[in-house]
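Shown next: start_29.cif, given as mmCIF, C-alpha atoms.
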data_run
#
loop_
_atom_site.label_atom_id
_atom_site.label_comp_id
_atom_site.auth_asym_id
_atom_site.auth_seq_id
_atom_site.Cartn_x
_atom_site.Cartn_y
_atom_site.Cartn_z
CA MET A 1 54.39 13.37 -116.25
CA THR A 2 55.56 16.60 -117.96
CA SER A 3 53.55 17.93 -120.90
CA ASP A 4 52.30 21.20 -122.40
CA LEU A 5 49.02 23.10 -122.62
CA LEU A 6 47.93 21.23 -125.74
CA ASP A 7 48.02 18.00 -123.73
CA ILE A 8 45.44 19.48 -121.36
CA ILE A 9 43.14 20.28 -124.27
CA ASN A 10 43.60 16.79 -125.73
CA ARG A 11 43.34 14.94 -122.41
CA ASP A 12 41.29 11.76 -122.05
CA PRO A 13 37.78 12.94 -121.01
CA ALA A 14 37.16 9.73 -119.03
CA PRO A 15 40.41 8.07 -117.93
CA GLN A 16 40.28 4.46 -116.87
CA PRO A 17 41.22 3.69 -113.25
CA TRP A 18 44.99 3.84 -112.62
CA SER A 19 45.61 4.43 -116.35
CA GLU A 20 47.50 7.70 -115.70
CA GLY A 21 49.54 6.57 -112.71
CA ASP A 22 49.23 4.53 -109.55
CA LYS A 23 49.76 7.29 -107.00
CA ILE A 24 50.70 10.94 -106.65
CA PRO A 25 54.51 11.26 -106.32
CA TRP A 26 54.92 10.42 -102.60
CA ASN A 27 58.54 9.35 -103.13
CA GLU A 28 59.66 12.46 -105.05
CA PRO A 29 61.83 14.41 -102.55
CA GLY A 30 60.26 17.84 -103.10
CA PHE A 31 56.69 16.57 -103.00
CA SER A 32 57.51 14.36 -100.04
CA SER A 33 58.87 17.31 -98.09
CA ARG A 34 55.81 19.45 -98.84
CA MET A 35 53.48 16.58 -97.94
CA LEU A 36 55.24 16.21 -94.59
CA ARG A 37 54.07 19.71 -93.70
CA GLU A 38 50.51 18.60 -94.43
CA HIS A 39 50.95 15.50 -92.24
CA LEU A 40 52.09 17.62 -89.29
CA THR A 41 49.67 20.54 -89.49
CA GLN A 42 46.84 20.82 -86.99
CA ASP A 43 44.72 22.82 -89.46
CA HIS A 44 43.07 19.82 -91.15
CA ASP A 45 42.82 16.01 -91.24
CA ALA A 46 43.54 15.61 -94.95
CA ALA A 47 47.00 13.99 -94.76
CA SER A 48 47.18 12.72 -91.17
CA ARG A 49 44.60 13.15 -88.48
CA ARG A 50 45.04 15.83 -85.86
CA THR A 51 46.76 14.95 -82.60
CA GLY A 52 43.66 14.40 -80.47
CA THR A 53 42.21 11.83 -82.86
CA ILE A 54 45.52 9.98 -83.25
CA GLU A 55 45.91 9.77 -79.48
CA ARG A 56 42.42 8.28 -79.12
CA HIS A 57 43.25 5.70 -81.79
CA VAL A 58 46.56 4.85 -80.12
CA ALA A 59 44.78 4.37 -76.79
CA PHE A 60 42.37 1.93 -78.49
CA ILE A 61 45.21 -0.02 -80.09
CA HIS A 62 47.12 -0.17 -76.79
CA ASP A 63 44.21 -0.91 -74.46
CA VAL A 64 41.94 -3.10 -76.63
CA LEU A 65 44.08 -4.77 -79.29
CA LEU A 66 47.30 -5.14 -77.29
CA LYS A 67 45.57 -5.54 -73.90
CA GLY A 68 47.95 -3.03 -72.36
CA GLN A 69 50.86 -5.47 -72.75
CA PRO A 70 54.11 -4.81 -74.65
CA GLY A 71 53.84 -6.11 -78.20
CA ARG A 72 55.18 -5.84 -81.73
CA VAL A 73 53.43 -3.50 -84.15
CA LEU A 74 53.73 -3.42 -87.96
CA ASP A 75 52.61 0.03 -89.19
CA LEU A 76 52.02 -0.08 -92.96
CA GLY A 77 51.92 3.32 -94.66
CA CYS A 78 53.21 4.79 -91.41
CA GLY A 79 53.82 8.33 -92.73
CA PRO A 80 55.86 10.38 -90.23
CA GLY A 81 55.43 7.79 -87.46
CA LEU A 82 52.59 9.51 -85.64
CA TYR A 83 51.12 6.17 -84.51
CA SER A 84 54.31 4.11 -84.17
CA ASN A 85 56.21 6.58 -82.04
CA ARG A 86 53.27 7.02 -79.70
CA LEU A 87 52.84 3.26 -79.39
CA ALA A 88 56.56 2.90 -78.70
CA ARG A 89 56.24 5.36 -75.82
CA LEU A 90 53.73 2.91 -74.33
CA GLY A 91 56.27 0.11 -74.47
CA HIS A 92 55.66 -1.49 -77.86
CA ARG A 93 58.27 -2.35 -80.50
CA CYS A 94 57.26 -0.90 -83.85
CA VAL A 95 58.25 -1.26 -87.48
CA GLY A 96 56.89 1.41 -89.83
CA ILE A 97 57.04 1.22 -93.62
CA ASP A 98 56.31 4.11 -95.96
CA PHE A 99 57.11 5.32 -99.49
CA SER A 100 57.85 8.95 -98.50
CA PRO A 101 61.52 9.80 -97.80
CA ALA A 102 60.70 12.98 -95.86
CA SER A 103 58.15 11.23 -93.65
CA ILE A 104 60.50 8.33 -92.90
CA ALA A 105 63.34 10.74 -92.09
CA TYR A 106 61.08 12.68 -89.69
CA ALA A 107 59.85 9.46 -88.02
CA ARG A 108 63.42 8.24 -87.53
CA GLU A 109 64.55 11.56 -86.06
CA GLN A 110 61.71 11.55 -83.55
CA ALA A 111 62.35 7.93 -82.54
CA GLN A 112 66.10 8.44 -82.20
CA ALA A 113 65.67 11.62 -80.14
CA GLU A 114 63.55 9.70 -77.62
CA HIS A 115 65.41 6.36 -77.90
CA LEU A 116 62.20 4.61 -78.92
CA GLU A 117 61.94 0.97 -80.02
CA CYS A 118 61.02 1.90 -83.60
CA THR A 119 62.47 0.90 -86.95
CA PHE A 120 61.36 2.88 -90.00
CA VAL A 121 61.80 1.53 -93.52
CA GLU A 122 61.49 3.58 -96.72
CA ALA A 123 59.84 1.16 -99.13
CA ASP A 124 56.83 0.56 -101.37
CA LEU A 125 54.28 -1.68 -99.61
CA ARG A 126 53.75 -3.54 -102.88
CA THR A 127 57.33 -4.81 -102.96
CA ALA A 128 58.45 -4.56 -99.32
CA THR A 129 59.07 -7.61 -97.16
CA PHE A 130 57.14 -7.72 -93.88
CA ASP A 131 59.01 -9.47 -91.08
CA PRO A 132 56.97 -12.07 -89.15
CA GLY A 133 55.92 -12.01 -85.51
CA ALA A 134 53.72 -8.91 -85.28
CA ASP A 135 51.00 -8.80 -82.62
CA VAL A 136 49.16 -6.05 -84.51
CA ALA A 137 49.44 -4.87 -88.12
CA LEU A 138 47.98 -1.49 -89.10
CA LEU A 139 46.82 -0.18 -92.49
CA LEU A 140 44.91 2.98 -91.63
CA PHE A 141 43.15 6.06 -93.01
CA GLY A 142 42.03 4.71 -96.39
CA GLU A 143 45.51 3.75 -97.54
CA CYS A 144 44.18 0.40 -98.78
CA ASN A 145 41.78 2.10 -101.23
CA VAL A 146 44.53 3.60 -103.38
CA PHE A 147 46.06 0.32 -104.59
CA ARG A 148 45.00 -1.66 -107.63
CA PRO A 149 42.94 -4.62 -106.36
CA GLU A 150 45.57 -7.21 -107.24
CA ALA A 151 48.28 -5.20 -105.44
CA LEU A 152 46.05 -4.78 -102.40
CA ARG A 153 45.44 -8.53 -102.23
CA ASP A 154 49.20 -9.10 -102.16
CA ILE A 155 49.70 -6.50 -99.40
CA LEU A 156 46.89 -7.96 -97.28
CA THR A 157 48.28 -11.47 -97.74
CA LYS A 158 51.77 -10.39 -96.66
CA ALA A 159 50.35 -8.51 -93.68
CA CYS A 160 48.37 -11.52 -92.47
CA GLN A 161 51.39 -13.78 -92.91
CA ALA A 162 53.45 -11.34 -90.81
CA LEU A 163 51.13 -11.76 -87.82
CA ARG A 164 51.90 -14.23 -85.06
CA PRO A 165 49.13 -16.77 -84.29
CA GLY A 166 46.30 -14.81 -82.70
CA GLY A 167 47.60 -11.49 -83.99
CA VAL A 168 45.23 -8.75 -85.15
CA PHE A 169 45.13 -6.85 -88.45
CA LEU A 170 43.53 -3.42 -88.09
CA LEU A 171 42.37 -2.33 -91.55
CA GLU A 172 40.64 1.02 -92.06
CA PRO A 173 39.24 1.58 -95.57
CA SER A 174 37.64 4.83 -96.62
CA THR A 175 33.89 4.33 -96.78
CA ALA A 176 32.36 3.53 -100.15
CA ASP A 177 30.24 6.70 -100.00
CA ALA A 178 33.28 8.87 -99.30
CA VAL A 179 35.17 7.45 -102.27
CA GLU A 180 32.19 7.89 -104.59
CA ARG A 181 31.83 11.52 -103.48
CA ILE A 182 35.45 12.09 -104.50
CA GLY A 183 34.64 10.77 -107.96
CA HIS A 184 31.80 13.28 -108.35
CA THR A 185 33.77 16.33 -107.13
CA PRO A 186 33.33 19.28 -109.55
CA ALA A 187 36.37 20.45 -111.49
CA THR A 188 38.26 23.43 -110.03
CA TRP A 189 41.21 25.66 -110.80
CA SER A 190 43.25 27.76 -108.38
CA ALA A 191 46.35 29.98 -108.34
CA HIS A 192 49.18 29.48 -105.82
CA GLU A 193 52.46 31.14 -104.91
CA ALA A 194 53.52 27.76 -103.50
CA ALA A 195 51.52 24.70 -102.45
CA LEU A 196 51.61 20.92 -102.26
CA PHE A 197 52.46 20.23 -105.92
CA SER A 198 55.06 22.98 -106.42
CA ASP A 199 57.19 25.48 -104.49
CA LYS A 200 56.91 27.91 -107.43
CA PRO A 201 53.98 30.13 -108.52
CA HIS A 202 51.56 27.94 -110.48
CA LEU A 203 48.01 27.25 -111.58
CA LEU A 204 46.41 24.04 -110.39
CA LEU A 205 43.65 22.39 -112.41
CA HIS A 206 41.83 19.53 -110.71
CA GLU A 207 39.14 17.20 -112.01
CA SER A 208 37.60 13.96 -110.77
CA PHE A 209 35.95 10.96 -112.41
CA TRP A 210 33.73 8.11 -111.24
CA GLU A 211 33.88 4.70 -112.91
CA PRO A 212 30.69 2.94 -111.74
CA THR A 213 31.44 -0.59 -112.96
CA GLU A 214 34.71 -0.95 -111.05
CA ARG A 215 33.56 1.60 -108.43
CA VAL A 216 36.74 3.66 -108.68
CA ALA A 217 37.24 7.40 -108.22
CA THR A 218 40.12 9.03 -110.09
CA ASP A 219 41.61 12.45 -109.34
CA ARG A 220 43.69 14.25 -111.96
CA TRP A 221 45.77 17.38 -111.39
CA PHE A 222 47.50 19.61 -113.94
CA VAL A 223 50.19 21.86 -112.43
CA ILE A 224 51.05 24.77 -114.75
CA ASP A 225 54.27 26.63 -113.94
CA ALA A 226 53.49 30.36 -114.03
CA ALA A 227 56.92 31.33 -115.38
CA THR A 228 57.43 28.71 -118.09
CA GLY A 229 53.97 27.35 -118.87
CA GLN A 230 55.32 23.85 -118.38
CA VAL A 231 52.64 21.39 -117.29
CA GLU A 232 52.95 18.44 -114.93
CA ARG A 233 50.14 15.90 -114.70
CA HIS A 234 49.44 13.73 -111.68
CA ALA A 235 46.67 11.24 -111.08
CA ALA A 236 45.47 8.88 -108.37
CA SER A 237 42.67 6.35 -108.19
CA GLN A 238 40.75 4.91 -105.23
CA ARG A 239 38.45 1.90 -105.21
CA ALA A 240 35.26 1.93 -103.14
CA TYR A 241 34.83 -1.18 -100.99
CA THR A 242 31.64 -2.19 -99.23
#

As structure tokens:
Amino acid sequence: MTSDLLDIINRDPAPQPWSEGDKIPWNEPGFSSRMLREHLTQDHDAASRRTGTIERHVAFIHDVLLKGQPGRVLDLGCGPGLYSNRLARLGHRCVGIDFSPASIAYAREQAQAEHLECTFVEADLRTATFDPGADVALLLFGECNVFRPEALRDILTKACQALRPGGVFLLEPSTADAVERIGHTPATWSAHEAALFSDKPHLLLHESFWEPTERVATDRWFVIDAATGQVERHAASQRAYT
């Protein structure tokens, strides 16, 4: 959402969960491209885990959940295919679905270069169709926390219906404590030549809120263009599940 400095002053001091947007703009091409860099870096685990952790997870999925036998994997919120492509190298057929055009393009390029049995679909999990017959469905790294509860129920229902009889759904929520800590994060501001929210020089204002009744943390960012003073607002909410 584009606004001006007065909108920052007059902002809602306690926004309700998801009232200012469902997610940060994963599907906006510029943001998606910048986020891809964060997915691929080995400097932090904020967007995707680092390689060593992903490879340990893939080994668990292959050895324990798939019993070392070729299977079909449905990777929901697959990002740049860091799990799917590795699983395909071990002989599995994978379908990855994600909202980010840059991540899906990267995943496809990697799969095509190695002739892997992977199909990557650019789609919103809330509206996407999940084909049946999966041996394992994945929804990892707290992705489930970011959806409104009713949307999450629909996604979980579709995922379970996509499994073959005896299939396994591997769901990894963020812990309740971790989500609550996000909601109590102190407000900050920082100056950037270029960063995740903009390629141009800008100020970034960030504040967080905790709604104890619904147990939802909300992050809000104001991105102020240094040249024009134009303000963009982004927000994202996460629900804490026990």

List the spatial neighbours of stretch 107-115 of chain A as a list in words - criterion: any atom at most 6 Å away, all atoms listed in the file, same-chain residues fewer than 3 positions off excluded.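 Those residues are Pro80, Gly81 and Ile104 of chain A.
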
Tell me which residues come within 10 Å of (55.0, -17.0, -89.5), as a PyMOL selection string, counting all atoms listed in the file in the file's coordinates. chain A and resi 131-134+160-165

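Using all atoms listed in the file, the smallest distance between any of A:Ala235, A:Ala176, A:Ala123, A:Leu116 and A:Gly91 comes from A:Leu116.
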
Near-A:Ala194 list (10 Å; all atoms listed in the file; drop same-chain fewer than 6 positions) as a PDB file with C-alpha atoms, keeping the file's coordinate frame:
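Saved result, selection.pdb, follows:
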ATOM      1  CA  ARG A  34      55.810  19.450 -98.840  1.00  0.00           C
ATOM      2  CA  LYS A 200      56.910  27.910-107.430  1.00  0.00           C
ATOM      3  CA  PRO A 201      53.980  30.130-108.520  1.00  0.00           C
ATOM      4  CA  HIS A 202      51.560  27.940-110.480  1.00  0.00           C
ATOM      5  CA  LEU A 203      48.010  27.250-111.580  1.00  0.00           C
TER       6      LEU A 203
END

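Nearest to A:Ala46 of all the residues A:Glu211, A:Arg233, A:Gly142, A:His192 is A:Gly142, based on all atoms listed in the file.
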
If we count all atoms listed in the file and set the cut-off at 12 Å, which residues sit around A:Met35, ignoring sequence neighbours fewer than 5 positions away in its own chain? Please answer as a PyMOL selection string. chain A and resi 24-30+40-41+46-48+79-80+99-104+106+195-199

Could you tell me which of A:Glu214, A:Asp63, A:Glu180, A:Asp75 comes closest to A:Leu90 if we count all atoms listed in the file? A:Asp63

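With all atoms listed in the file as the basis for measurement, A:Leu138 is the residue among A:Val146, A:Ala105, A:Leu138, A:Ala217 that approaches A:Ile61 most closely.
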
Residue neighbourhood stretch 4-8 of chain A, 12 Å, all atoms listed in the file, exclusion window fewer than 4 positions, as a PyMOL selection string: chain A and resi 12-13+203-207+220-225+228-234

Rounded to one decimal place, report the atom CA of A:Ser237-atom CA of A:Ala14 distance in Å.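 It comes out at 12.6 Å.
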
Give me, please, the distance in Å between atom CA of A:Pro70 and atom CA of A:Leu87, quoted to one decimal.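 Atom-to-atom, atom CA of A:Pro70 to atom CA of A:Leu87, that is 9.4 Å.
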
Set the distance at 9 Å and use only C-alpha atoms: which residues neighbour A:Trp210 once local chain neighbours fewer than 3 positions away are removed? I'd like the list as a ChimeraX atom specification. /A:14,17,180-184,215-218

Can you turn the PyMOL selection byres ((chain A and resi 77) around 7) into a concrete residue list for this file, as an mmCIF file with C-alpha atoms, keeping the file's coordinate frame?
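Below is the file that was written, result13.cif:
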data_model
loop_
_atom_site.group_PDB
_atom_site.id
_atom_site.type_symbol
_atom_site.label_atom_id
_atom_site.label_comp_id
_atom_site.auth_asym_id
_atom_site.auth_seq_id
_atom_site.Cartn_x
_atom_site.Cartn_y
_atom_site.Cartn_z
ATOM 1 C CA ASP A 75 52.610 0.030 -89.190
ATOM 2 C CA LEU A 76 52.020 -0.080 -92.960
ATOM 3 C CA CYS A 78 53.210 4.790 -91.410
ATOM 4 C CA GLY A 79 53.820 8.330 -92.730
ATOM 5 C CA ILE A 97 57.040 1.220 -93.620
ATOM 6 C CA ASP A 98 56.310 4.110 -95.960
ATOM 7 C CA LEU A 139 46.820 -0.180 -92.490
#

Expanded to explicit residues, what is the PyMOL selection byres ((chain A and resi 175) around 8) for this file, as a ChimeraX atom specification? /A:173-174,176-179,240-242

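For the set A:Ser19, A:Asp135, A:Glu193, A:Leu74, the residue with the smallest atom-to-atom gap to A:Gly166 is A:Asp135, counting only C-alpha atoms.
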
Nearest to A:Pro149 by atom-to-atom distance, counting all atoms listed in the file, from A:Arg126, A:Arg56, A:Phe209, A:Asp219: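 Ranked by minimum distance to A:Pro149, first place goes to A:Arg126.
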
Can you work out the spacing between atom CA of A:Phe60 and atom CA of A:Phe141 in Å, to one decimal? 15.1 Å

Work out where the centre of an axis-aligned box around every listed atom of stretch 209-222 of chain A lies and how long its edges are once 8 Å is added on each side; give both in Å to one decimal as lines of an AutoDock Vina configuration file.
center_x = 39.1
center_y = 9.3
center_z = -111.1
size_x = 32.8
size_y = 36.6
size_z = 21.7

Starting from the PyMOL selection byres ((chain A and resi 94) around 8), expand the selection into actual residues of this file and give them as number ranges by chain. A: 72-75, 84-85, 87-88, 92-93, 95-96, 117-119
